[in-house]
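So this one's upload_0.cif, mmCIF, C-alpha atoms:
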data_input
loop_
_atom_site.group_PDB
_atom_site.id
_atom_site.type_symbol
_atom_site.label_atom_id
_atom_site.label_comp_id
_atom_site.auth_asym_id
_atom_site.auth_seq_id
_atom_site.Cartn_x
_atom_site.Cartn_y
_atom_site.Cartn_z
ATOM 1 C CA MET A 26 -11.382 -1.523 -3.901
ATOM 2 C CA ASN A 27 -13.294 -3.723 -1.570
ATOM 3 C CA PRO A 28 -11.679 -2.837 1.773
ATOM 4 C CA GLU A 29 -13.128 -5.910 3.449
ATOM 5 C CA ASP A 30 -11.446 -8.416 1.130
ATOM 6 C CA PRO A 31 -7.633 -8.264 1.093
ATOM 7 C CA GLU A 32 -7.395 -11.039 -1.471
ATOM 8 C CA GLN A 33 -9.754 -9.264 -3.863
ATOM 9 C CA ASN A 34 -7.750 -6.094 -3.320
ATOM 10 C CA GLU A 35 -4.773 -7.857 -4.843
ATOM 11 C CA ALA A 36 -6.572 -9.470 -7.761
ATOM 12 C CA ASP A 37 -6.424 -6.813 -10.463
ATOM 13 C CA GLU A 38 -2.786 -5.972 -9.893
ATOM 14 C CA LEU A 39 -1.641 -9.556 -9.772
ATOM 15 C CA VAL A 40 -2.177 -10.371 -13.437
ATOM 16 C CA PRO A 41 1.207 -9.618 -15.021
ATOM 17 C CA ALA A 42 1.598 -7.550 -18.144
ATOM 18 C CA ALA A 43 2.569 -9.327 -21.350
ATOM 19 C CA GLU A 44 6.325 -9.492 -21.798
ATOM 20 C CA PRO A 45 8.261 -10.064 -25.044
ATOM 21 C CA LYS A 46 9.963 -13.440 -25.086
ATOM 22 C CA ALA A 47 12.076 -15.228 -27.626
ATOM 23 C CA GLY A 48 9.990 -17.435 -29.873
ATOM 24 C CA HIS A 49 6.713 -15.741 -29.025
ATOM 25 C CA ALA A 50 4.576 -13.719 -31.396
ATOM 26 C CA PRO A 51 5.434 -10.001 -31.426
ATOM 27 C CA LEU A 52 3.494 -7.810 -29.028
ATOM 28 C CA ASP A 53 0.561 -5.792 -30.272
ATOM 29 C CA ALA A 54 1.927 -2.464 -31.448
ATOM 30 C CA ALA A 55 -1.166 -0.764 -30.018
ATOM 31 C CA VAL A 56 -0.265 -1.706 -26.443
ATOM 32 C CA GLU A 57 0.665 1.383 -24.460
ATOM 33 C CA THR A 58 4.260 1.557 -23.337
ATOM 34 C CA GLN A 59 5.838 2.911 -20.202
ATOM 35 C CA ALA A 60 7.017 5.896 -22.248
ATOM 36 C CA ASP A 61 3.384 6.681 -23.136
ATOM 37 C CA LEU A 62 2.321 6.550 -19.505
ATOM 38 C CA SER A 63 5.360 8.479 -18.294
ATOM 39 C CA ALA A 64 4.557 11.303 -20.715
ATOM 40 C CA GLU A 65 1.016 11.497 -19.313
ATOM 41 C CA ILE A 66 2.302 11.462 -15.733
ATOM 42 C CA GLN A 67 4.779 14.231 -16.552
ATOM 43 C CA SER A 68 2.097 16.368 -18.205
ATOM 44 C CA ILE A 69 -0.253 16.064 -15.237
ATOM 45 C CA GLY A 70 2.552 16.838 -12.813
ATOM 46 C CA ASP A 71 3.600 19.916 -14.780
ATOM 47 C CA ALA A 72 0.021 21.196 -14.830
ATOM 48 C CA TYR A 73 -0.266 20.713 -11.058
ATOM 49 C CA ARG A 74 2.961 22.599 -10.392
ATOM 50 C CA ARG A 75 1.761 25.483 -12.573
ATOM 51 C CA ALA A 76 -1.488 25.545 -10.634
ATOM 52 C CA LEU A 77 0.425 25.758 -7.358
ATOM 53 C CA LYS A 78 2.370 28.752 -8.641
ATOM 54 C CA ASP A 79 -0.948 30.380 -9.550
ATOM 55 C CA GLY A 80 -2.193 29.982 -5.986
ATOM 56 C CA ALA A 81 -4.033 26.653 -6.037
ATOM 57 C CA ALA A 82 -4.201 24.697 -2.783
ATOM 58 C CA PRO A 83 -1.917 21.648 -2.446
ATOM 59 C CA GLU A 84 -3.579 18.291 -3.080
ATOM 60 C CA THR A 85 -2.901 16.007 -0.136
ATOM 61 C CA GLN A 86 -4.877 13.011 -1.410
ATOM 62 C CA PRO A 87 -4.838 11.085 -4.710
ATOM 63 C CA ARG A 88 -6.982 12.101 -7.628
ATOM 64 C CA LEU A 89 -10.041 9.893 -7.954
ATOM 65 C CA ASP A 90 -9.885 9.846 -11.744
ATOM 66 C CA TYR A 91 -6.197 9.625 -12.673
ATOM 67 C CA ALA A 92 -5.917 8.762 -16.357
ATOM 68 C CA PRO A 93 -2.483 7.035 -16.286
ATOM 69 C CA TYR A 94 -3.972 4.592 -13.780
ATOM 70 C CA ARG A 95 -6.251 3.179 -16.448
ATOM 71 C CA SER A 96 -8.790 1.278 -14.359
ATOM 72 C CA SER A 97 -9.456 4.316 -12.154
ATOM 73 C CA ILE A 98 -11.296 5.872 -15.097
ATOM 74 C CA LEU A 99 -14.160 3.380 -14.746
ATOM 75 C CA ARG A 100 -13.860 2.438 -11.081
ATOM 76 C CA HIS A 101 -13.587 5.711 -9.198
ATOM 77 C CA PRO A 102 -16.693 6.981 -7.332
ATOM 78 C CA THR A 103 -18.943 9.162 -9.473
ATOM 79 C CA LYS A 104 -21.486 10.141 -6.798
ATOM 80 C CA SER A 105 -21.142 11.867 -3.451
ATOM 81 C CA LEU A 106 -20.519 9.498 -0.561
ATOM 82 C CA HIS A 107 -23.183 9.345 2.146
ATOM 83 C CA HIS A 108 -22.212 9.819 5.773
ATOM 84 C CA ALA A 109 -23.541 7.134 8.070
ATOM 85 C CA ASP A 110 -24.590 7.687 11.662
ATOM 86 C CA PRO A 111 -21.414 6.861 13.609
ATOM 87 C CA GLU A 112 -23.354 5.831 16.718
ATOM 88 C CA THR A 113 -25.248 3.236 14.693
ATOM 89 C CA ILE A 114 -22.048 1.880 13.139
ATOM 90 C CA GLU A 115 -20.385 1.604 16.529
ATOM 91 C CA LEU A 116 -23.019 -0.909 17.586
ATOM 92 C CA TYR A 117 -21.574 -3.336 15.030
ATOM 93 C CA SER A 118 -17.891 -2.384 14.922
ATOM 94 C CA PRO A 119 -15.369 -4.925 16.193
ATOM 95 C CA ALA A 120 -13.265 -4.346 19.267
ATOM 96 C CA PHE A 121 -9.862 -6.000 19.409
ATOM 97 C CA GLY A 122 -7.691 -6.672 22.405
ATOM 98 C CA HIS A 123 -4.368 -8.325 23.099
ATOM 99 C CA GLN A 124 -6.166 -11.568 23.917
ATOM 100 C CA ASP A 125 -7.310 -11.705 20.270
ATOM 101 C CA VAL A 126 -3.941 -11.055 18.597
ATOM 102 C CA HIS A 127 -0.870 -13.033 19.625
ATOM 103 C CA ALA A 128 2.414 -11.155 19.918
ATOM 104 C CA LEU A 129 4.117 -13.621 17.552
ATOM 105 C CA GLU A 130 1.750 -12.692 14.696
ATOM 106 C CA SER A 131 3.830 -9.562 14.091
ATOM 107 C CA ASP A 132 6.872 -11.603 13.050
ATOM 108 C CA LEU A 133 6.340 -12.828 9.477
ATOM 109 C CA THR A 134 9.681 -14.679 9.463
ATOM 110 C CA ILE A 135 8.723 -17.373 11.999
ATOM 111 C CA GLN A 136 5.352 -18.558 10.689
ATOM 112 C CA HIS A 137 6.654 -21.707 8.989
ATOM 113 C CA ASN A 138 9.129 -24.522 9.589
ATOM 114 C CA GLY A 139 11.999 -22.827 7.747
ATOM 115 C CA GLU A 140 13.340 -19.328 7.259
ATOM 116 C CA PRO A 141 12.018 -17.261 4.361
ATOM 117 C CA GLN A 142 14.314 -16.072 1.596
ATOM 118 C CA GLY A 143 15.231 -12.408 1.275
ATOM 119 C CA GLU A 144 16.367 -9.369 3.206
ATOM 120 C CA ARG A 145 15.021 -9.364 6.761
ATOM 121 C CA MET A 146 13.786 -6.029 8.053
ATOM 122 C CA ILE A 147 11.980 -4.400 10.945
ATOM 123 C CA VAL A 148 9.171 -1.927 10.255
ATOM 124 C CA GLN A 149 8.202 0.182 13.230
ATOM 125 C CA GLY A 150 6.182 3.330 13.763
ATOM 126 C CA ARG A 151 3.261 4.975 15.541
ATOM 127 C CA VAL A 152 -0.397 5.448 14.701
ATOM 128 C CA LEU A 153 -1.338 9.063 15.462
ATOM 129 C CA ASP A 154 -4.323 11.361 15.138
ATOM 130 C CA GLY A 155 -4.140 14.752 13.468
ATOM 131 C CA ASP A 156 -2.977 16.433 16.687
ATOM 132 C CA GLY A 157 -0.111 13.982 17.166
ATOM 133 C CA HIS A 158 -1.824 11.997 19.924
ATOM 134 C CA PRO A 159 -1.229 8.231 19.942
ATOM 135 C CA VAL A 160 -4.004 5.861 18.912
ATOM 136 C CA ALA A 161 -3.679 2.936 21.317
ATOM 137 C CA GLY A 162 -5.287 -0.500 21.006
ATOM 138 C CA GLN A 163 -5.549 -0.257 17.237
ATOM 139 C CA LEU A 164 -5.462 -3.387 15.088
ATOM 140 C CA VAL A 165 -2.778 -3.066 12.386
ATOM 141 C CA GLU A 166 -2.642 -5.703 9.647
ATOM 142 C CA ILE A 167 -0.123 -6.007 6.809
ATOM 143 C CA TRP A 168 0.166 -8.097 3.668
ATOM 144 C CA GLN A 169 2.847 -8.132 0.996
ATOM 145 C CA ALA A 170 4.632 -9.963 -1.791
ATOM 146 C CA ASN A 171 7.665 -12.109 -1.033
ATOM 147 C CA ALA A 172 11.258 -11.169 -1.833
ATOM 148 C CA ALA A 173 10.773 -12.218 -5.469
ATOM 149 C CA GLY A 174 7.671 -10.039 -5.875
ATOM 150 C CA ARG A 175 5.184 -12.918 -5.721
ATOM 151 C CA TYR A 176 1.965 -13.157 -3.702
ATOM 152 C CA ILE A 177 0.438 -16.421 -2.574
ATOM 153 C CA HIS A 178 -2.661 -15.808 -4.645
ATOM 154 C CA LYS A 179 -4.255 -17.882 -7.396
ATOM 155 C CA ARG A 180 -4.221 -14.959 -9.839
ATOM 156 C CA ASP A 181 -0.555 -14.185 -9.320
ATOM 157 C CA GLN A 182 1.011 -16.402 -11.972
ATOM 158 C CA HIS A 183 3.981 -14.352 -13.143
ATOM 159 C CA PRO A 184 7.193 -16.409 -13.286
ATOM 160 C CA ALA A 185 8.707 -15.544 -9.927
ATOM 161 C CA PRO A 186 9.189 -18.230 -7.269
ATOM 162 C CA LEU A 187 6.883 -18.765 -4.326
ATOM 163 C CA ASP A 188 8.503 -19.091 -0.913
ATOM 164 C CA PRO A 189 7.101 -22.019 1.101
ATOM 165 C CA ASN A 190 8.307 -20.327 4.282
ATOM 166 C CA PHE A 191 6.667 -16.954 3.694
ATOM 167 C CA THR A 192 2.936 -16.251 3.599
ATOM 168 C CA GLY A 193 3.242 -12.465 3.738
ATOM 169 C CA VAL A 194 0.597 -11.554 6.322
ATOM 170 C CA GLY A 195 0.845 -10.294 9.889
ATOM 171 C CA ARG A 196 -0.930 -8.214 12.494
ATOM 172 C CA CYS A 197 -0.461 -6.533 15.840
ATOM 173 C CA ILE A 198 -2.161 -4.180 18.324
ATOM 174 C CA THR A 199 -0.730 -0.704 18.896
ATOM 175 C CA GLY A 200 0.695 0.000 22.334
ATOM 176 C CA PRO A 201 -0.221 2.824 24.748
ATOM 177 C CA ASP A 202 2.027 5.178 22.759
ATOM 178 C CA GLY A 203 0.414 4.151 19.456
ATOM 179 C CA SER A 204 3.427 2.078 18.447
ATOM 180 C CA TYR A 205 3.479 -0.980 16.193
ATOM 181 C CA ARG A 206 6.347 -3.205 15.068
ATOM 182 C CA PHE A 207 6.711 -5.936 12.429
ATOM 183 C CA THR A 208 9.590 -8.203 11.478
ATOM 184 C CA THR A 209 9.333 -9.289 7.860
ATOM 185 C CA ILE A 210 11.101 -9.681 4.512
ATOM 186 C CA LYS A 211 11.590 -6.793 2.109
ATOM 187 C CA PRO A 212 9.122 -7.376 -0.762
ATOM 188 C CA GLY A 213 10.178 -7.379 -4.397
ATOM 189 C CA ALA A 214 8.787 -5.315 -7.259
ATOM 190 C CA TYR A 215 6.365 -7.094 -9.585
ATOM 191 C CA PRO A 216 4.608 -6.612 -12.950
ATOM 192 C CA TRP A 217 0.965 -5.657 -13.285
ATOM 193 C CA LYS A 218 -1.364 -5.141 -16.209
ATOM 194 C CA ASN A 219 -1.872 -1.378 -16.409
ATOM 195 C CA HIS A 220 0.298 -1.066 -19.543
ATOM 196 C CA LEU A 221 3.184 -2.813 -21.286
ATOM 197 C CA ASN A 222 6.098 -3.541 -18.935
ATOM 198 C CA ALA A 223 4.366 -1.982 -15.934
ATOM 199 C CA TRP A 224 6.014 -2.679 -12.561
ATOM 200 C CA ARG A 225 4.897 -1.748 -9.062
ATOM 201 C CA PRO A 226 7.474 -0.369 -6.633
ATOM 202 C CA ALA A 227 8.132 -2.567 -3.603
ATOM 203 C CA HIS A 228 5.460 -1.889 -1.008
ATOM 204 C CA ILE A 229 3.629 -3.253 2.022
ATOM 205 C CA HIS A 230 -0.134 -2.947 2.424
ATOM 206 C CA PHE A 231 -1.360 -1.659 5.783
ATOM 207 C CA SER A 232 -4.880 -1.991 7.162
ATOM 208 C CA LEU A 233 -6.175 -0.310 10.316
ATOM 209 C CA PHE A 234 -9.502 -1.189 11.853
ATOM 210 C CA GLY A 235 -10.295 -1.080 15.545
ATOM 211 C CA THR A 236 -11.775 0.726 18.482
ATOM 212 C CA GLU A 237 -10.754 4.298 17.667
ATOM 213 C CA PHE A 238 -12.821 4.735 14.511
ATOM 214 C CA THR A 239 -15.538 2.912 12.647
ATOM 215 C CA GLN A 240 -14.226 2.321 9.143
ATOM 216 C CA ARG A 241 -11.312 0.225 8.048
ATOM 217 C CA ILE A 242 -8.655 2.119 6.108
ATOM 218 C CA VAL A 243 -6.046 0.636 3.783
ATOM 219 C CA THR A 244 -2.835 2.238 2.599
ATOM 220 C CA GLN A 245 0.635 1.341 1.296
ATOM 221 C CA MET A 246 4.134 1.898 2.607
ATOM 222 C CA TYR A 247 7.047 2.278 0.177
ATOM 223 C CA PHE A 248 10.839 2.251 0.537
ATOM 224 C CA PRO A 249 13.206 5.187 0.025
ATOM 225 C CA GLY A 250 14.968 5.671 -3.295
ATOM 226 C CA ASP A 251 12.863 3.265 -5.358
ATOM 227 C CA GLN A 252 13.645 3.751 -9.058
ATOM 228 C CA LEU A 253 10.060 2.848 -9.995
ATOM 229 C CA PHE A 254 8.447 5.827 -8.234
ATOM 230 C CA PRO A 255 8.395 8.063 -11.345
ATOM 231 C CA LEU A 256 6.919 5.240 -13.444
ATOM 232 C CA ASP A 257 4.098 4.065 -11.181
ATOM 233 C CA PRO A 258 0.638 5.575 -11.896
ATOM 234 C CA ILE A 259 -0.679 4.565 -8.476
ATOM 235 C CA TYR A 260 2.079 6.332 -6.558
ATOM 236 C CA GLN A 261 1.938 9.263 -8.980
ATOM 237 C CA SER A 262 -1.847 9.643 -8.620
ATOM 238 C CA ILE A 263 -0.909 11.692 -5.559
ATOM 239 C CA VAL A 264 0.345 14.667 -7.537
ATOM 240 C CA ASP A 265 1.789 16.565 -4.553
ATOM 241 C CA GLN A 266 5.345 15.508 -3.695
ATOM 242 C CA ASP A 267 5.018 16.228 0.038
ATOM 243 C CA ALA A 268 1.919 14.027 0.215
ATOM 244 C CA ARG A 269 3.694 11.256 -1.723
ATOM 245 C CA ASP A 270 6.656 11.438 0.626
ATOM 246 C CA ARG A 271 4.410 10.572 3.560
ATOM 247 C CA LEU A 272 4.005 7.079 2.089
ATOM 248 C CA VAL A 273 7.757 6.417 2.094
ATOM 249 C CA ALA A 274 9.373 4.867 5.152
ATOM 250 C CA ALA A 275 12.673 6.223 6.448
ATOM 251 C CA TYR A 276 15.676 3.995 7.044
ATOM 252 C CA ASP A 277 16.486 4.172 10.768
ATOM 253 C CA HIS A 278 19.770 2.605 11.813
ATOM 254 C CA SER A 279 18.727 2.709 15.476
ATOM 255 C CA LEU A 280 15.992 0.178 14.633
ATOM 256 C CA THR A 281 18.323 -2.342 13.032
ATOM 257 C CA SER A 282 18.957 -5.632 14.770
ATOM 258 C CA PRO A 283 22.715 -6.396 14.656
ATOM 259 C CA GLU A 284 23.576 -9.317 12.393
ATOM 260 C CA TRP A 285 19.876 -9.822 11.690
ATOM 261 C CA ALA A 286 17.677 -7.116 10.129
ATOM 262 C CA LEU A 287 17.629 -3.543 8.824
ATOM 263 C CA GLY A 288 15.174 -1.050 10.308
ATOM 264 C CA TYR A 289 12.580 1.281 8.775
ATOM 265 C CA ARG A 290 10.347 3.786 10.533
ATOM 266 C CA TRP A 291 6.912 4.837 9.260
ATOM 267 C CA ASP A 292 4.187 6.684 11.151
ATOM 268 C CA ILE A 293 0.531 6.585 10.104
ATOM 269 C CA ILE A 294 -1.470 9.783 10.643
ATOM 270 C CA LEU A 295 -5.213 9.244 10.546
ATOM 271 C CA THR A 296 -6.610 12.777 10.314
ATOM 272 C CA GLY A 297 -5.666 16.371 9.577
ATOM 273 C CA SER A 298 -3.792 18.033 6.723
ATOM 274 C CA LYS A 299 -0.786 15.699 7.132
ATOM 275 C CA ARG A 300 -2.803 12.490 7.189
ATOM 276 C CA THR A 301 -1.507 9.406 5.437
ATOM 277 C CA TRP A 302 -3.059 8.675 2.035
ATOM 278 C CA THR A 303 -5.606 5.871 2.168
ATOM 279 C CA GLU A 304 -7.057 3.813 -0.644
ATOM 280 C CA ASN A 305 -10.585 4.290 0.703
ATOM 281 C CA GLU A 306 -10.411 7.997 -0.099
ATOM 282 C CA ALA A 307 -9.142 7.243 -3.574
ATOM 283 C CA PHE A 308 -11.701 4.649 -4.620
ATOM 284 C CA GLY A 309 -14.599 4.863 -2.185
ATOM 285 C CA ALA A 310 -15.901 2.248 0.200
ATOM 286 C CA SER A 311 -17.647 0.238 -2.508
ATOM 287 C CA GLY A 312 -14.993 0.445 -5.176
ATOM 288 C CA ASP A 313 -11.953 -1.709 -5.691
ATOM 289 C CA ASP A 314 -8.342 -1.019 -6.475
ATOM 290 C CA GLU A 315 -5.209 -2.466 -7.898
ATOM 291 C CA GLU A 316 -3.456 -3.385 -4.828
#
Kindly return the structure encoded in the file as structure tokens.
Amino acid sequence: MNPEDPEQNEADELVPAAEPKAGHAPLDAAVETQADLSAEIQSIGDAYRRALKDGAAPETQPRLDYAPYRSSILRHPTKSLHHADPETIELYSPAFGHQDVHALESDLTIQHNGEPQGERMIVQGRVLDGDGHPVAGQLVEIWQANAAGRYIHKRDQHPAPLDPNFTGVGRCITGPDGSYRFTTIKPGAYPWKNHLNAWRPAHIHFSLFGTEFTQRIVTQMYFPGDQLFPLDPIYQSIVDQDARDRLVAAYDHSLTSPEWALGYRWDIILTGSKRTWTENEAFGASGDDEE
């Protein structure tokens, strides 16, 4: 993926897979089906579990070359990454403050003249380092599809409605305790072109880039109980279940706003063995990803 271009990050995923429709020519029989991909995912998962029983170390990050995620075969890094001098990078890294990000930017439901369609929700959590210490003053950005699973993007042309009152982007600065909070709309699932009838689970993209470290990281947050988890090659490219679970928010009734919005809690851990999966580690700083 190109971590500096959120729109490009969406581009490959946003072209929907071909769907059978009445009156249209039959689909190419050679097109891979979800059953084909699911069998591959199952085989890889079984092999990983056998390796664990034989004493292999758990894999906390996604595999760079994960065959069911077809485009990763050609796009994953093939050479060792080079470490840059952090002191040199810091001379050019941005520094964000509350004067640069307005408090209202964290509410994606009030950015237009009318109310967006869909299920309102609050997403709240903390940004932490590997020792559990809060990362304060961190810029957190999000982007997502609308409730129908549609992005405002020229390459997203699948037949789901756009919402004129929902753009799907927001940002905030973490507080002294590392906390962030967004009010938004629960995104819908949507088709993508990895294989026939491929659908992405509902998710929100998170980006972090600020004063505590020198490279932007991008990740995704999912919702509990999604029926598409077993079918999604991107989610399944993290073969360890505990590591996958760290991408799934928890419903938290204490965060709900009465008569208004449900609440989800999701912490982002930047370092250590329990760190949150990031797309940069999966595809490298100069690669690109699905979304």
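Interatomic distance, atom CA of Thr58 of chain A to atom CA of Asn219 of chain A: 9.7 Å.
Here atom CA of Glu57 of chain A is placed at a distance of 9.9 Å from atom CA of Ala223 of chain A.
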- Would you mind listing what lies within 7 Å of Asp277 of chain A as a ChimeraX atom specification, with all atoms listed in the file counted and same-chain residues fewer than 2 positions away left out? /A:275,279-280,288-290
- Item | Selection result for the PyMOL selection byres ((chain A and resi 201) around 9) on this file, as a ChimeraX atom specification | /A:159-162,199-200,202-204
- Name the residues that the PyMOL selection byres ((chain A and resi 243) around 6) pulls out of this structure, and write them as a list in words. Phe231, Ser232, Ile242, Thr244, Thr303 and Glu304 of chain A
- Message: Please determine, counting all atoms listed in the file, which residue among A:Leu89, A:Ala82, A:Met146, A:Met246 has the shortest atom-to-atom distance to Ser282 of chain A.
- Response: A:Met146
Can you tell me, as an mmCIF file with C-alpha atoms, in the frame of the given file, what residues are no more than 12 Å from Leu253 of chain A when counting all atoms listed in the file, ignoring any on the same chain fewer than 2 positions away?
data_model
loop_
_atom_site.group_PDB
_atom_site.id
_atom_site.type_symbol
_atom_site.label_atom_id
_atom_site.label_comp_id
_atom_site.auth_asym_id
_atom_site.auth_seq_id
_atom_site.Cartn_x
_atom_site.Cartn_y
_atom_site.Cartn_z
ATOM 1 C CA GLN A 59 5.838 2.911 -20.202
ATOM 2 C CA SER A 63 5.360 8.479 -18.294
ATOM 3 C CA GLY A 213 10.178 -7.379 -4.397
ATOM 4 C CA ALA A 214 8.787 -5.315 -7.259
ATOM 5 C CA TYR A 215 6.365 -7.094 -9.585
ATOM 6 C CA PRO A 216 4.608 -6.612 -12.950
ATOM 7 C CA ASN A 222 6.098 -3.541 -18.935
ATOM 8 C CA ALA A 223 4.366 -1.982 -15.934
ATOM 9 C CA TRP A 224 6.014 -2.679 -12.561
ATOM 10 C CA ARG A 225 4.897 -1.748 -9.062
ATOM 11 C CA PRO A 226 7.474 -0.369 -6.633
ATOM 12 C CA ALA A 227 8.132 -2.567 -3.603
ATOM 13 C CA HIS A 228 5.460 -1.889 -1.008
ATOM 14 C CA TYR A 247 7.047 2.278 0.177
ATOM 15 C CA PHE A 248 10.839 2.251 0.537
ATOM 16 C CA PRO A 249 13.206 5.187 0.025
ATOM 17 C CA GLY A 250 14.968 5.671 -3.295
ATOM 18 C CA ASP A 251 12.863 3.265 -5.358
ATOM 19 C CA PRO A 255 8.395 8.063 -11.345
ATOM 20 C CA LEU A 256 6.919 5.240 -13.444
ATOM 21 C CA ASP A 257 4.098 4.065 -11.181
ATOM 22 C CA PRO A 258 0.638 5.575 -11.896
ATOM 23 C CA ILE A 259 -0.679 4.565 -8.476
ATOM 24 C CA TYR A 260 2.079 6.332 -6.558
ATOM 25 C CA GLN A 261 1.938 9.263 -8.980
#
- Would you mind listing what lies within 12 Å of Glu144 of chain A as a ChimeraX atom specification, with only C-alpha atoms counted and same-chain residues fewer than 3 positions away left out? /A:134,140-141,147,171-173,208-213,284-288
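Atom CA of His137 of chain A is found 8.5 Å from atom CA of Thr192 of chain A.
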- Kindly indicate which residue among A:Leu129, A:Arg206, A:Gln86, A:Ala170 lies nearest to Ala185 of chain A, using all atoms listed in the file for the distances.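 For Ala185 of chain A, the nearest of the given residues is A:Ala170.
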- Message: Using all atoms listed in the file, which protein or nucleic acid residues come within 6 Å of Thr296 of chain A? Drop anything in the same chain fewer than 4 positions from it, and give the result as a count of residues only.
- Response: 3
- Task: Compare A:Val264, A:Ala64, A:Val194, A:Leu221 by their minimum atom-to-atom distance to Gln136 of chain A, counting all atoms listed in the file, and give me the closest one.
- Result: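 Closest residue, counting all atoms listed in the file: A:Val194.
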